[in-house]
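Trainee: Pasting data11.tsv here (TSV, C-alpha atoms):
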```
chain	number	residue	atom	x	y	z
A	1	MET	CA	0.00	0.00	0.00
A	2	ILE	CA	1.75	3.18	1.15
A	3	ASN	CA	5.21	3.29	2.73
A	4	ASN	CA	7.34	5.66	4.78
A	5	THR	CA	9.25	6.86	1.72
A	6	PHE	CA	6.03	7.99	0.09
A	7	ASN	CA	4.98	9.78	3.32
A	8	LEU	CA	8.23	11.72	3.37
A	9	ILE	CA	8.13	12.99	-0.19
A	10	PHE	CA	4.36	13.05	-0.67
A	11	PRO	CA	4.26	16.89	-0.57
A	12	GLN	CA	6.66	17.01	-3.57
A	13	ILE	CA	4.65	14.43	-5.50
A	14	ASP	CA	1.39	16.14	-4.67
A	15	GLU	CA	2.72	19.50	-5.84
A	16	LEU	CA	4.00	18.02	-9.11
A	17	VAL	CA	0.69	16.31	-9.86
A	18	ASN	CA	-1.39	19.39	-9.09
A	19	GLN	CA	0.88	21.57	-11.22
A	20	SER	CA	0.56	19.23	-14.19
A	21	PHE	CA	-3.09	18.11	-14.04
A	22	THR	CA	-6.53	19.23	-12.96
A	23	VAL	CA	-7.05	17.02	-9.91
A	24	THR	CA	-10.63	16.33	-8.81
A	25	SER	CA	-9.94	13.91	-5.94
A	26	PHE	CA	-7.31	11.81	-4.17
A	27	SER	CA	-7.77	8.29	-2.80
A	28	TYR	CA	-6.29	4.81	-2.65
A	29	ARG	CA	-7.46	2.46	-5.41
A	30	SER	CA	-6.64	-0.83	-7.06
A	31	PRO	CA	-4.83	-0.32	-10.39
A	32	ARG	CA	-6.71	-3.29	-11.87
A	33	THR	CA	-10.31	-2.36	-11.07
A	34	GLY	CA	-10.17	1.25	-9.93
A	35	ASN	CA	-12.07	0.49	-6.70
A	36	THR	CA	-11.05	0.36	-3.04
A	37	SER	CA	-12.07	-3.22	-2.24
A	38	GLN	CA	-8.87	-4.90	-3.43
A	39	THR	CA	-5.87	-5.82	-1.27
A	40	LEU	CA	-3.37	-4.02	-3.55
A	41	VAL	CA	-4.16	-0.33	-3.55
A	42	LEU	CA	-2.03	2.64	-4.61
A	43	PRO	CA	-2.12	6.41	-4.12
A	44	THR	CA	-4.44	7.59	-6.88
A	45	TYR	CA	-5.36	10.97	-8.33
A	46	GLU	CA	-8.56	11.42	-10.27
A	47	ILE	CA	-7.83	13.94	-13.02
A	48	LEU	CA	-9.60	15.61	-15.91
A	49	ARG	CA	-8.65	14.46	-19.41
A	50	ARG	CA	-7.17	17.55	-21.06
A	51	SER	CA	-5.54	18.12	-24.43
A	52	ASP	CA	-2.09	18.45	-22.83
A	53	LEU	CA	-2.38	15.09	-21.06
A	54	SER	CA	0.34	13.37	-23.08
A	55	SER	CA	2.99	16.09	-22.70
A	56	ASN	CA	2.25	16.48	-19.00
A	57	MET	CA	2.60	12.74	-18.46
A	58	GLN	CA	6.04	12.83	-20.07
A	59	PHE	CA	7.02	15.74	-17.82
A	60	ILE	CA	5.82	14.20	-14.59
A	61	THR	CA	7.31	10.80	-15.46
A	62	SER	CA	10.80	12.26	-15.70
A	63	LYS	CA	10.34	14.27	-12.49
A	64	LEU	CA	8.96	11.38	-10.44
A	65	LYS	CA	11.70	9.07	-11.69
A	66	SER	CA	14.29	11.21	-9.91
A	67	LEU	CA	12.27	10.71	-6.72
A	68	GLY	CA	12.12	6.94	-7.13
A	69	PHE	CA	8.46	6.76	-8.22
A	70	ILE	CA	6.63	6.11	-11.45
A	71	PRO	CA	3.15	7.25	-12.55
A	72	PHE	CA	0.77	5.33	-14.76
A	73	LEU	CA	-2.45	6.65	-16.20
A	74	ARG	CA	-5.57	4.60	-16.82
A	75	ALA	CA	-9.08	5.37	-18.04
A	76	HIS	CA	-11.72	6.01	-15.39
A	77	PRO	CA	-14.03	2.97	-15.10
A	78	THR	CA	-17.23	5.07	-15.29
A	79	GLN	CA	-16.43	8.62	-16.44
A	80	GLU	CA	-14.93	9.16	-19.90
A	81	SER	CA	-13.94	12.74	-19.12
A	82	ARG	CA	-11.60	11.66	-16.34
A	83	GLY	CA	-8.60	9.45	-15.76
A	84	LEU	CA	-6.90	7.75	-12.83
A	85	LEU	CA	-3.25	8.57	-12.14
A	86	PHE	CA	-1.59	5.91	-9.96
A	87	ILE	CA	1.72	6.54	-8.16
A	88	LEU	CA	3.93	3.47	-7.82
A	89	PRO	CA	7.36	3.15	-6.14
A	90	MET	CA	10.02	2.05	-8.62
A	91	ASN	CA	11.33	-1.44	-7.90
A	92	GLU	CA	15.00	-2.47	-7.93
A	93	ARG	CA	14.76	-3.74	-11.51
A	94	MET	CA	13.59	-0.33	-12.75
A	95	LEU	CA	16.35	1.45	-10.84
A	96	ASP	CA	19.10	-0.90	-12.01
A	97	THR	CA	20.88	0.69	-14.98
A	98	LYS	CA	23.71	-1.87	-15.18
A	99	GLN	CA	23.83	-4.01	-18.30
A	100	ASN	CA	24.47	-7.74	-18.01
A	101	LEU	CA	26.88	-8.38	-20.88
A	102	LYS	CA	28.20	-11.80	-19.84
A	103	THR	CA	25.00	-13.83	-20.32
A	104	PRO	CA	24.07	-12.28	-23.72
A	105	ALA	CA	27.68	-12.77	-24.92
A	106	VAL	CA	27.78	-16.45	-23.86
A	107	LEU	CA	24.38	-17.15	-25.44
A	108	PHE	CA	25.46	-15.36	-28.62
A	109	ALA	CA	28.60	-17.53	-28.84
A	110	PHE	CA	26.64	-20.75	-28.27
A	111	THR	CA	24.08	-19.68	-30.87
A	112	VAL	CA	26.82	-19.03	-33.44
A	113	LEU	CA	28.17	-22.53	-32.81
A	114	SER	CA	24.65	-23.95	-33.00
A	115	VAL	CA	24.00	-22.24	-36.35
A	116	ILE	CA	27.36	-23.49	-37.68
A	117	PHE	CA	26.40	-27.02	-36.66
A	118	SER	CA	23.09	-26.65	-38.51
A	119	GLY	CA	24.98	-25.24	-41.50
A	120	ILE	CA	27.13	-28.36	-41.61
A	121	ASN	CA	23.98	-30.53	-41.69
A	122	ILE	CA	22.58	-28.40	-44.51
A	123	TRP	CA	25.82	-28.82	-46.47
A	124	ARG	CA	25.68	-32.58	-45.97
A	125	THR	CA	22.13	-32.64	-47.28
A	126	LEU	CA	22.83	-30.46	-50.32
A	127	ARG	CA	26.04	-32.32	-51.16
A	128	GLN	CA	23.91	-35.30	-52.16
A	129	ILE	CA	22.44	-33.11	-54.92
A	130	GLU	CA	25.37	-30.79	-55.65
A	131	PRO	CA	28.66	-32.58	-54.76
A	132	GLY	CA	30.78	-29.53	-55.57
A	133	LEU	CA	29.13	-27.30	-52.93
A	134	ASP	CA	31.80	-25.50	-50.89
A	135	LEU	CA	31.58	-26.22	-47.14
A	136	ILE	CA	32.98	-22.90	-45.87
A	137	VAL	CA	30.86	-20.76	-48.21
A	138	THR	CA	27.71	-22.73	-47.39
A	139	ILE	CA	28.16	-22.43	-43.63
A	140	GLY	CA	29.33	-18.81	-43.87
A	141	LEU	CA	26.34	-17.59	-45.88
A	142	TYR	CA	23.88	-19.49	-43.69
A	143	LEU	CA	25.49	-18.06	-40.54
A	144	ILE	CA	25.38	-14.52	-41.94
A	145	GLY	CA	21.76	-15.00	-42.98
A	146	ILE	CA	20.39	-16.42	-39.71
A	147	MET	CA	22.40	-14.28	-37.29
A	148	GLY	CA	21.95	-11.18	-39.47
A	149	ILE	CA	18.17	-11.49	-39.62
A	150	VAL	CA	17.67	-12.33	-35.94
A	151	GLY	CA	20.29	-9.81	-34.81
A	152	ILE	CA	18.94	-6.91	-36.88
A	153	HIS	CA	15.41	-7.73	-35.69
A	154	GLU	CA	16.50	-7.34	-32.07
A	155	LEU	CA	18.59	-4.28	-32.96
A	156	GLY	CA	15.38	-2.65	-34.19
A	157	HIS	CA	13.77	-3.20	-30.79
A	158	LEU	CA	16.88	-1.93	-29.04
A	159	VAL	CA	17.10	1.25	-31.13
A	160	ALA	CA	13.41	2.05	-30.55
A	161	SER	CA	13.82	1.40	-26.82
A	162	ARG	CA	16.81	3.71	-26.59
A	163	LEU	CA	15.05	6.47	-28.56
A	164	HIS	CA	12.08	6.36	-26.18
A	165	GLY	CA	14.20	6.22	-23.02
A	166	ILE	CA	13.28	2.62	-22.19
A	167	ASN	CA	15.89	0.69	-20.22
A	168	ALA	CA	16.29	-2.50	-22.26
A	169	SER	CA	18.80	-5.35	-22.15
A	170	TRP	CA	21.13	-6.57	-24.86
A	171	PRO	CA	19.65	-9.37	-27.01
A	172	TYR	CA	19.50	-12.87	-25.54
A	173	PHE	CA	19.98	-15.37	-28.39
A	174	ILE	CA	18.51	-18.85	-27.95
A	175	PRO	CA	20.62	-21.67	-29.44
A	176	ASN	CA	18.93	-24.70	-31.00
A	177	PRO	CA	21.33	-27.09	-32.77
A	178	PHE	CA	18.57	-29.60	-33.55
A	179	SER	CA	16.84	-27.51	-36.22
A	180	PHE	CA	17.83	-24.17	-37.77
A	181	GLY	CA	20.43	-23.28	-35.15
A	182	THR	CA	18.35	-20.87	-33.08
A	183	PHE	CA	14.88	-20.26	-31.72
A	184	GLY	CA	15.46	-16.53	-32.20
A	185	ALA	CA	16.31	-13.91	-29.62
A	186	PHE	CA	14.67	-11.45	-27.26
A	187	ILE	CA	15.38	-8.36	-25.20
A	188	THR	CA	13.93	-7.55	-21.79
A	189	GLN	CA	12.63	-4.15	-20.70
A	190	LYS	CA	13.57	-3.04	-17.22
A	191	SER	CA	11.30	-0.02	-17.48
A	192	PRO	CA	7.83	0.19	-19.09
A	193	SER	CA	6.90	2.05	-22.27
A	194	LYS	CA	5.97	5.63	-21.44
A	195	SER	CA	3.30	6.07	-24.11
A	196	LYS	CA	1.29	4.20	-26.73
A	197	ASN	CA	3.53	5.70	-29.40
A	198	ALA	CA	6.59	4.23	-27.67
A	199	LEU	CA	4.91	0.83	-27.29
A	200	PHE	CA	3.93	0.88	-30.97
A	201	ASP	CA	7.46	1.79	-32.10
A	202	VAL	CA	9.12	-0.88	-29.97
A	203	GLY	CA	6.68	-3.50	-31.26
A	204	LEU	CA	6.95	-2.69	-34.97
A	205	SER	CA	10.64	-1.77	-35.20
A	206	GLY	CA	11.91	-5.33	-34.78
A	207	PRO	CA	9.75	-6.91	-37.51
A	208	ILE	CA	10.45	-4.03	-39.92
A	209	PHE	CA	14.23	-4.19	-39.41
A	210	GLY	CA	14.24	-7.98	-39.61
A	211	PHE	CA	11.95	-8.06	-42.63
A	212	VAL	CA	14.17	-5.77	-44.70
A	213	VAL	CA	17.21	-7.99	-44.06
A	214	ALA	CA	15.19	-11.20	-44.60
A	215	LEU	CA	13.89	-9.84	-47.92
A	216	ILE	CA	17.42	-9.02	-49.13
A	217	PHE	CA	18.76	-12.46	-48.13
A	218	THR	CA	15.72	-14.22	-49.63
A	219	ILE	CA	16.23	-12.58	-53.04
A	220	TRP	CA	19.99	-13.10	-52.93
A	221	GLY	CA	19.56	-16.70	-51.79
A	222	LEU	CA	16.98	-17.50	-54.47
A	223	PHE	CA	19.37	-16.27	-57.16
A	224	LEU	CA	21.95	-18.67	-55.71
A	225	SER	CA	19.45	-21.54	-55.66
A	226	PHE	CA	19.24	-24.03	-58.51
A	227	THR	CA	16.77	-26.35	-60.19
A	228	VAL	CA	16.94	-30.04	-60.97
A	229	SER	CA	14.78	-31.99	-63.39
A	230	ASN	CA	15.13	-35.35	-61.65
A	231	LEU	CA	15.64	-34.99	-57.93
A	232	PRO	CA	17.80	-37.80	-56.54
A	233	LYS	CA	16.57	-39.57	-53.44
A	234	ILE	CA	17.79	-37.88	-50.27
A	235	GLY	CA	17.94	-39.55	-46.88
A	236	GLU	CA	14.52	-39.26	-45.28
A	237	ASP	CA	16.02	-39.03	-41.80
A	238	ILE	CA	17.70	-35.69	-42.55
A	239	PHE	CA	15.76	-32.81	-41.01
A	240	PHE	CA	16.52	-30.20	-43.66
A	241	THR	CA	15.39	-32.22	-46.65
A	242	ASN	CA	11.81	-30.98	-46.54
A	243	PHE	CA	12.89	-27.36	-46.12
A	244	LEU	CA	15.46	-27.31	-48.91
A	245	GLN	CA	13.03	-28.81	-51.42
A	246	PHE	CA	10.90	-25.86	-52.51
A	247	ASN	CA	7.92	-28.01	-53.52
A	248	SER	CA	8.02	-30.23	-50.45
A	249	PRO	CA	4.43	-31.02	-49.36
A	250	THR	CA	5.37	-30.64	-45.67
A	251	ARG	CA	6.87	-27.15	-45.89
A	252	TYR	CA	4.82	-24.15	-44.85
A	253	ARG	CA	3.98	-21.76	-47.66
A	254	ILE	CA	4.84	-18.09	-47.18
A	255	PRO	CA	3.05	-15.98	-49.85
A	256	LEU	CA	5.88	-13.47	-50.32
A	257	PHE	CA	8.50	-16.22	-50.58
A	258	GLU	CA	6.40	-18.07	-53.17
A	259	LEU	CA	5.94	-14.87	-55.19
A	260	LEU	CA	9.67	-14.09	-55.20
A	261	ALA	CA	10.51	-17.66	-56.23
A	262	PHE	CA	8.02	-17.44	-59.11
A	263	LEU	CA	9.53	-14.14	-60.31
A	264	ILE	CA	13.08	-15.48	-60.15
A	265	PHE	CA	12.23	-18.90	-61.66
A	266	PRO	CA	9.33	-18.03	-64.02
A	267	ASN	CA	10.08	-20.71	-66.60
A	268	THR	CA	10.88	-23.59	-64.25
A	269	PHE	CA	8.64	-22.77	-61.28
A	270	TYR	CA	6.12	-25.52	-62.09
A	271	GLU	CA	8.30	-27.84	-64.14
A	272	SER	CA	11.46	-28.43	-62.11
A	273	GLU	CA	12.32	-28.91	-58.45
A	274	ILE	CA	13.87	-25.79	-56.90
A	275	ILE	CA	16.59	-26.58	-54.39
A	276	LEU	CA	17.01	-23.70	-51.99
A	277	HIS	CA	20.42	-22.30	-51.26
A	278	PRO	CA	21.14	-22.05	-47.48
A	279	LEU	CA	20.89	-18.26	-47.72
A	280	ALA	CA	17.42	-18.60	-49.25
A	281	LEU	CA	16.50	-20.95	-46.40
A	282	ALA	CA	17.71	-18.31	-43.92
A	283	GLY	CA	15.53	-15.74	-45.70
A	284	TYR	CA	12.58	-18.11	-45.54
A	285	ILE	CA	13.08	-18.53	-41.78
A	286	GLY	CA	13.37	-14.75	-41.41
A	287	LEU	CA	10.07	-14.17	-43.23
A	288	LEU	CA	8.44	-16.91	-41.15
A	289	LEU	CA	9.64	-15.28	-37.91
A	290	THR	CA	8.34	-11.93	-39.14
A	291	GLY	CA	4.88	-13.36	-39.79
A	292	LEU	CA	4.69	-15.17	-36.44
A	293	ASN	CA	6.03	-12.19	-34.48
A	294	LEU	CA	3.40	-9.90	-36.00
A	295	ILE	CA	0.54	-12.10	-34.79
A	296	PRO	CA	-1.32	-9.75	-32.37
A	297	MET	CA	-1.18	-12.03	-29.37
A	298	GLY	CA	-0.05	-11.46	-25.79
A	299	GLN	CA	3.37	-9.83	-25.65
A	300	THR	CA	4.55	-10.69	-29.16
A	301	ASP	CA	5.62	-7.79	-31.34
A	302	GLY	CA	2.15	-7.80	-32.89
A	303	GLY	CA	0.71	-7.97	-29.38
A	304	HIS	CA	2.55	-4.76	-28.44
A	305	ILE	CA	1.20	-3.07	-31.56
A	306	ALA	CA	-2.36	-4.25	-30.84
A	307	ARG	CA	-2.11	-3.14	-27.19
A	308	SER	CA	-1.00	0.34	-28.29
A	309	LEU	CA	-4.04	0.62	-30.56
A	310	THR	CA	-6.71	-0.74	-28.27
A	311	SER	CA	-7.73	-1.25	-24.65
A	312	GLU	CA	-6.60	-4.04	-22.34
A	313	LYS	CA	-10.00	-5.73	-22.66
A	314	ASN	CA	-9.99	-5.65	-26.47
A	315	HIS	CA	-6.37	-6.78	-26.53
A	316	ARG	CA	-7.41	-9.86	-24.55
A	317	VAL	CA	-10.10	-10.67	-27.14
A	318	VAL	CA	-7.62	-10.22	-29.99
A	319	THR	CA	-5.16	-12.50	-28.19
A	320	TYR	CA	-7.67	-15.36	-27.95
A	321	ILE	CA	-8.69	-14.93	-31.61
A	322	SER	CA	-5.02	-14.99	-32.64
A	323	ALA	CA	-4.50	-18.16	-30.61
A	324	GLY	CA	-7.28	-19.76	-32.66
A	325	VAL	CA	-5.66	-18.61	-35.92
A	326	LEU	CA	-2.28	-20.04	-34.88
A	327	THR	CA	-3.94	-23.33	-33.99
A	328	ILE	CA	-5.64	-23.52	-37.39
A	329	LEU	CA	-2.29	-22.83	-39.07
A	330	GLY	CA	-0.76	-25.72	-37.15
A	331	PHE	CA	1.23	-23.75	-34.57
A	332	TRP	CA	-0.86	-25.01	-31.67
A	333	PHE	CA	2.16	-25.51	-29.35
A	334	PHE	CA	3.27	-21.93	-29.97
A	335	ALA	CA	-0.29	-20.72	-29.27
A	336	ILE	CA	-0.50	-22.66	-25.99
A	337	LEU	CA	2.90	-21.35	-24.88
A	338	LEU	CA	1.93	-17.74	-25.58
A	339	LEU	CA	-1.42	-18.18	-23.81
A	340	LEU	CA	0.31	-19.60	-20.74
A	341	MET	CA	2.72	-16.67	-20.65
A	342	TYR	CA	-0.14	-14.22	-21.17
A	343	SER	CA	-2.22	-15.78	-18.37
A	344	GLN	CA	0.68	-15.21	-15.95
A	345	THR	CA	1.58	-11.62	-16.78
A	346	GLY	CA	-1.07	-10.18	-19.12
A	347	HIS	CA	0.10	-7.08	-20.93
A	348	PRO	CA	1.10	-4.14	-18.71
A	349	GLY	CA	0.42	-1.54	-21.39
A	350	PRO	CA	2.16	1.86	-21.46
A	351	LEU	CA	2.35	4.27	-18.52
A	352	ASP	CA	-0.01	6.61	-20.37
A	353	ASP	CA	-2.87	4.35	-21.41
A	354	ILE	CA	-5.23	7.20	-22.32
A	355	SER	CA	-3.48	9.30	-24.97
A	356	SER	CA	-3.97	7.89	-28.47
A	357	VAL	CA	-1.40	6.65	-30.94
A	358	SER	CA	-0.45	9.29	-33.51
A	359	ASN	CA	-2.33	9.28	-36.82
A	360	SER	CA	0.85	8.55	-38.77
A	361	ARG	CA	1.37	5.38	-36.74
A	362	LYS	CA	-2.23	4.34	-37.35
A	363	LEU	CA	-1.49	4.55	-41.08
A	364	ILE	CA	1.71	2.54	-40.62
A	365	THR	CA	-0.44	-0.16	-39.03
A	366	ILE	CA	-1.65	-0.96	-42.55
A	367	LEU	CA	1.96	-1.82	-43.45
A	368	GLY	CA	2.11	-4.14	-40.47
A	369	LEU	CA	-1.08	-5.91	-41.56
A	370	VAL	CA	0.24	-6.32	-45.11
A	371	LEU	CA	3.52	-7.78	-43.82
A	372	THR	CA	1.60	-10.16	-41.57
A	373	VAL	CA	-0.41	-11.55	-44.49
A	374	LEU	CA	2.61	-11.75	-46.82
A	375	CYS	CA	4.83	-13.48	-44.25
A	376	LEU	CA	2.30	-15.65	-42.44
A	377	PRO	CA	3.19	-19.34	-42.86
A	378	PHE	CA	0.27	-21.35	-44.28
A	379	PRO	CA	0.08	-25.16	-44.34
A	380	VAL	CA	0.18	-26.38	-47.92
A	381	GLU	CA	-3.50	-27.45	-47.80
A	382	ILE	CA	-4.73	-24.00	-46.72
A	383	TYR	CA	-2.33	-22.26	-49.10
A	384	THR	CA	-3.52	-24.34	-52.06
A	385	TRP	CA	-7.16	-23.71	-51.13
A	386	ILE	CA	-6.57	-19.92	-50.99
A	387	ILE	CA	-4.73	-19.93	-54.34
A	388	ASN	CA	-7.53	-21.90	-55.99
A	389	LEU	CA	-10.07	-19.53	-54.47
A	390	PHE	CA	-8.57	-16.51	-56.27
A	391	THR	CA	-7.61	-18.21	-59.53
```
Take the structure from the file and write it as structure tokens.
Mentor:
Amino acid sequence: MINNTFNLIFPQIDELVNQSFTVTSFSYRSPRTGNTSQTLVLPTYEILRRSDLSSNMQFITSKLKSLGFIPFLRAHPTQESRGLLFILPMNERMLDTKQNLKTPAVLFAFTVLSVIFSGINIWRTLRQIEPGLDLIVTIGLYLIGIMGIVGIHELGHLVASRLHGINASWPYFIPNPFSFGTFGAFITQKSPSKSKNALFDVGLSGPIFGFVVALIFTIWGLFLSFTVSNLPKIGEDIFFTNFLQFNSPTRYRIPLFELLAFLIFPNTFYESEIILHPLALAGYIGLLLTGLNLIPMGQTDGGHIARSLTSEKNHRVVTYISAGVLTILGFWFFAILLLLMYSQTGHPGPLDDISSVSNSRKLITILGLVLTVLCLPFPVEIYTWIINLFT
């Protein structure tokens, strides 16, 4: 509830709040429901929603931070013309500005080794079709592709976090030597997003950065790929076989990838088997990660974007709908995992949950939707059905 520290500096906090907002009342409320019947209650100001709400929230956030407190603004449960400003003491994680470099560096090194190991397996698979394939070049291009796409994706998040004054960690790469070499990477935020604009930028920056690199590597890799008229039998126990064969019935279809392959191989697209170069496979994985990350569910990148555009209640509805879509697409394990994580933490939203996202960002949302559709991985049955529907 309230502590001695708050009692000591309450006059300073009270003065700051009254200078910045039109305060109608002060009480102790629950940040979840807005009432006083919950165990967890915080010092709360009821304020009028004015046109300068966003700028004043930015001002008071920086001032309260120096005092060891953080404000967050939520809509009033019954009155649209008012908002509830909660005052929360900053925890140790928010106050800690030290960066842990050891763990990210070790995970990065293990991920590089994991990707190299996967690259060796890819080379072994392709050597059965193209005996003259160079080992070093194959592994090198695959390593550059995978680590470049995942790394630039996380760099996008990191740049957006830094620009908006969000204390974020260095990327944590996740090694996975049993498939493509990595499960991806993530960064953690020690401090929350200050506004919906900041939350939107952090959510979209990663997919945009990663998509640009994935697109470049996909095109480059497809030009390095080759076709064969009679595909020799490849060991069925090799994991990468189904991913390197473009027309494999078990591989997920990504609309943009299929379109690029058709443009680059217009004469042989339907007649010959396209064998993907490792760099093209890296691009394919990058596009797949872009599509999955943009699914508006929980705290995915798309979930951050959706939360910046809508309320907590509507975000919950969108999350459950997205879980259904992922299940239909065959990613039921991924959907269950995200739902479990969401049930534990929900989505905290930005500190200022009242001010709207800028109009320019609302327009950019269209780009995000287009990228989602173009990069969403469809099972071959659904993909074929959609193609037949429009042809």
Trainee: Would you tabulate, counting only C-alpha atoms, all residues of stretch 294-380 of chain A that have an atom at most 7 Å from an atom of stretch 269-290 of chain A, showing the closest pair of atoms and their distance in Å to one decimal, sorted by chain then ascending number, as JSON lines?
Mentor:
```
{"residue": "A:Leu294", "atom": "CA", "partner": "A:Thr290", "partner_atom": "CA", "distance": 6.2}
{"residue": "A:Cys375", "atom": "CA", "partner": "A:Leu287", "partner_atom": "CA", "distance": 5.4}
{"residue": "A:Leu376", "atom": "CA", "partner": "A:Leu288", "partner_atom": "CA", "distance": 6.4}
{"residue": "A:Pro377", "atom": "CA", "partner": "A:Leu288", "partner_atom": "CA", "distance": 6.0}
```
Trainee: Enter the distance from atom CA of A:Thr218 to atom CA of A:Leu263, in Å, rounded to one decimal.
Mentor: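 Computing it gives 12.3 Å between the two atoms.
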Trainee: Atom CA of A:Tyr342 and atom CA of A:Thr365, how far apart in Å?
Mentor: 22.7 Å
Trainee: Near A:Ile187, counting only C-alpha atoms, which residues have an atom at most 8 Å away, once you skip same-chain residues fewer than 4 positions from it, shown as a PyMOL selection string?
Mentor: chain A and resi 154+157-158+168-172
Trainee: In Å, how far is it from atom CA of A:Val212 to atom CA of A:Gly148?
Mentor: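 So the two atoms, atom CA of A:Val212 and atom CA of A:Gly148, lie 10.8 Å apart.
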Trainee: For stretch 17-24 of chain A, find every residue with an atom within 10 Å (counting all atoms listed in the file), except residues of its own chain fewer than 6 positions away, and show them as a PyMOL selection string.
Mentor: chain A and resi 11+45-50+52-53+55-57+59-60+64+71+82-85+87
Trainee: Create the file for the chosen residues now, containing C-alpha atoms and written as a tab-separated table (two decimals), in the frame of the given file.
Mentor:
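So part.tsv came out as:
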```tsv
chain	number	residue	atom	x	y	z
A	11	PRO	CA	4.26	16.89	-0.57
A	45	TYR	CA	-5.36	10.97	-8.33
A	46	GLU	CA	-8.56	11.42	-10.27
A	47	ILE	CA	-7.83	13.94	-13.02
A	48	LEU	CA	-9.60	15.61	-15.91
A	49	ARG	CA	-8.65	14.46	-19.41
A	50	ARG	CA	-7.17	17.55	-21.06
A	52	ASP	CA	-2.09	18.45	-22.83
A	53	LEU	CA	-2.38	15.09	-21.06
A	55	SER	CA	2.99	16.09	-22.70
A	56	ASN	CA	2.25	16.48	-19.00
A	57	MET	CA	2.60	12.74	-18.46
A	59	PHE	CA	7.02	15.74	-17.82
A	60	ILE	CA	5.82	14.20	-14.59
A	64	LEU	CA	8.96	11.38	-10.44
A	71	PRO	CA	3.15	7.25	-12.55
A	82	ARG	CA	-11.60	11.66	-16.34
A	83	GLY	CA	-8.60	9.45	-15.76
A	84	LEU	CA	-6.90	7.75	-12.83
A	85	LEU	CA	-3.25	8.57	-12.14
A	87	ILE	CA	1.72	6.54	-8.16
```
Trainee: Which residue, A:Leu101, A:Leu143, A:Ile70, A:Ile136, has the smallest gap to A:Ser118 when you use all atoms listed in the file?
Mentor: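 Comparing A:Leu101, A:Leu143, A:Ile70, A:Ile136 against A:Ser118, the winner is A:Leu143.
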Trainee: Can you list, as an MDAnalysis selection string, every protein, DNA or RNA residue that comes within 9 Å of A:Ser54 when you count only C-alpha atoms, leaving out same-chain residues fewer than 4 positions away?
Mentor: chainID A and resid 50 58:59 195 352 354:356
Trainee: Would you mind telling me which residue in A:Ile328, A:Ile122, A:Val317, A:Leu222 lies nearest to A:Phe178 when using only C-alpha atoms?
Mentor: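 Among A:Ile328, A:Ile122, A:Val317, A:Leu222, it is A:Ile122 that comes nearest to A:Phe178.
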Trainee: Go through A:Ile216, A:Pro350, A:Asn293, A:Leu374 and flag the residue nearest A:Leu259, using only C-alpha atoms for the distances.
Mentor: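 Closest to A:Leu259, using only C-alpha atoms: A:Leu374.
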Trainee: Can you sort out the box for stretch 140-154 of chain A, edges along x, y and z, all listed atoms in, 4 Å on every side, with centre and edge lengths in Å to one decimal, as JSON?
Mentor:
```
{"center_x": 22.4, "center_y": -13.2, "center_z": -39.0, "size_x": 21.9, "size_y": 20.6, "size_z": 21.8}
```
Trainee: Point out the residue among A:Lys65, A:Gly119, A:Ala323, A:Phe211 with the least atom-to-atom distance to A:Leu135, counting all atoms listed in the file.
Mentor: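 Nearest candidate to A:Leu135 out of A:Lys65, A:Gly119, A:Ala323, A:Phe211: A:Gly119.
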Trainee: Anything within 8 Å of (11.8, -0.5, -18.0): list those residues as number ranges by chain, counting all atoms listed in the file and sticking to the file's coordinates.
Mentor: A: 93-94, 166-168, 189-193
Trainee: May I have the selected residues written with C-alpha atoms, as a PDB file, in the coordinates of the input?
Mentor:
```pdb
ATOM      1  CA  ARG A  93      14.760  -3.740 -11.510  1.00  0.00           C
ATOM      2  CA  MET A  94      13.590  -0.330 -12.750  1.00  0.00           C
ATOM      3  CA  ILE A 166      13.280   2.620 -22.190  1.00  0.00           C
ATOM      4  CA  ASN A 167      15.890   0.690 -20.220  1.00  0.00           C
ATOM      5  CA  ALA A 168      16.290  -2.500 -22.260  1.00  0.00           C
ATOM      6  CA  GLN A 189      12.630  -4.150 -20.700  1.00  0.00           C
ATOM      7  CA  LYS A 190      13.570  -3.040 -17.220  1.00  0.00           C
ATOM      8  CA  SER A 191      11.300  -0.020 -17.480  1.00  0.00           C
ATOM      9  CA  PRO A 192       7.830   0.190 -19.090  1.00  0.00           C
ATOM     10  CA  SER A 193       6.900   2.050 -22.270  1.00  0.00           C
TER      11      SER A 193
END
```
Trainee: Rank A:Lys98, A:Arg124, A:His153, A:His164 by their smallest atom-to-atom distance to A:Gly184, using all atoms listed in the file, and report the top residue only.
Mentor: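 The shortest atom-to-atom distance to A:Gly184 comes from A:His153.
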Trainee: Give me the residues near A:Thr44 as a PyMOL selection string, where near means some atom within 9 Å (using only C-alpha atoms) and where sequence neighbours in that chain fewer than 2 positions away do not count.
Mentor: chain A and resi 25-31+41-42+46+84-87
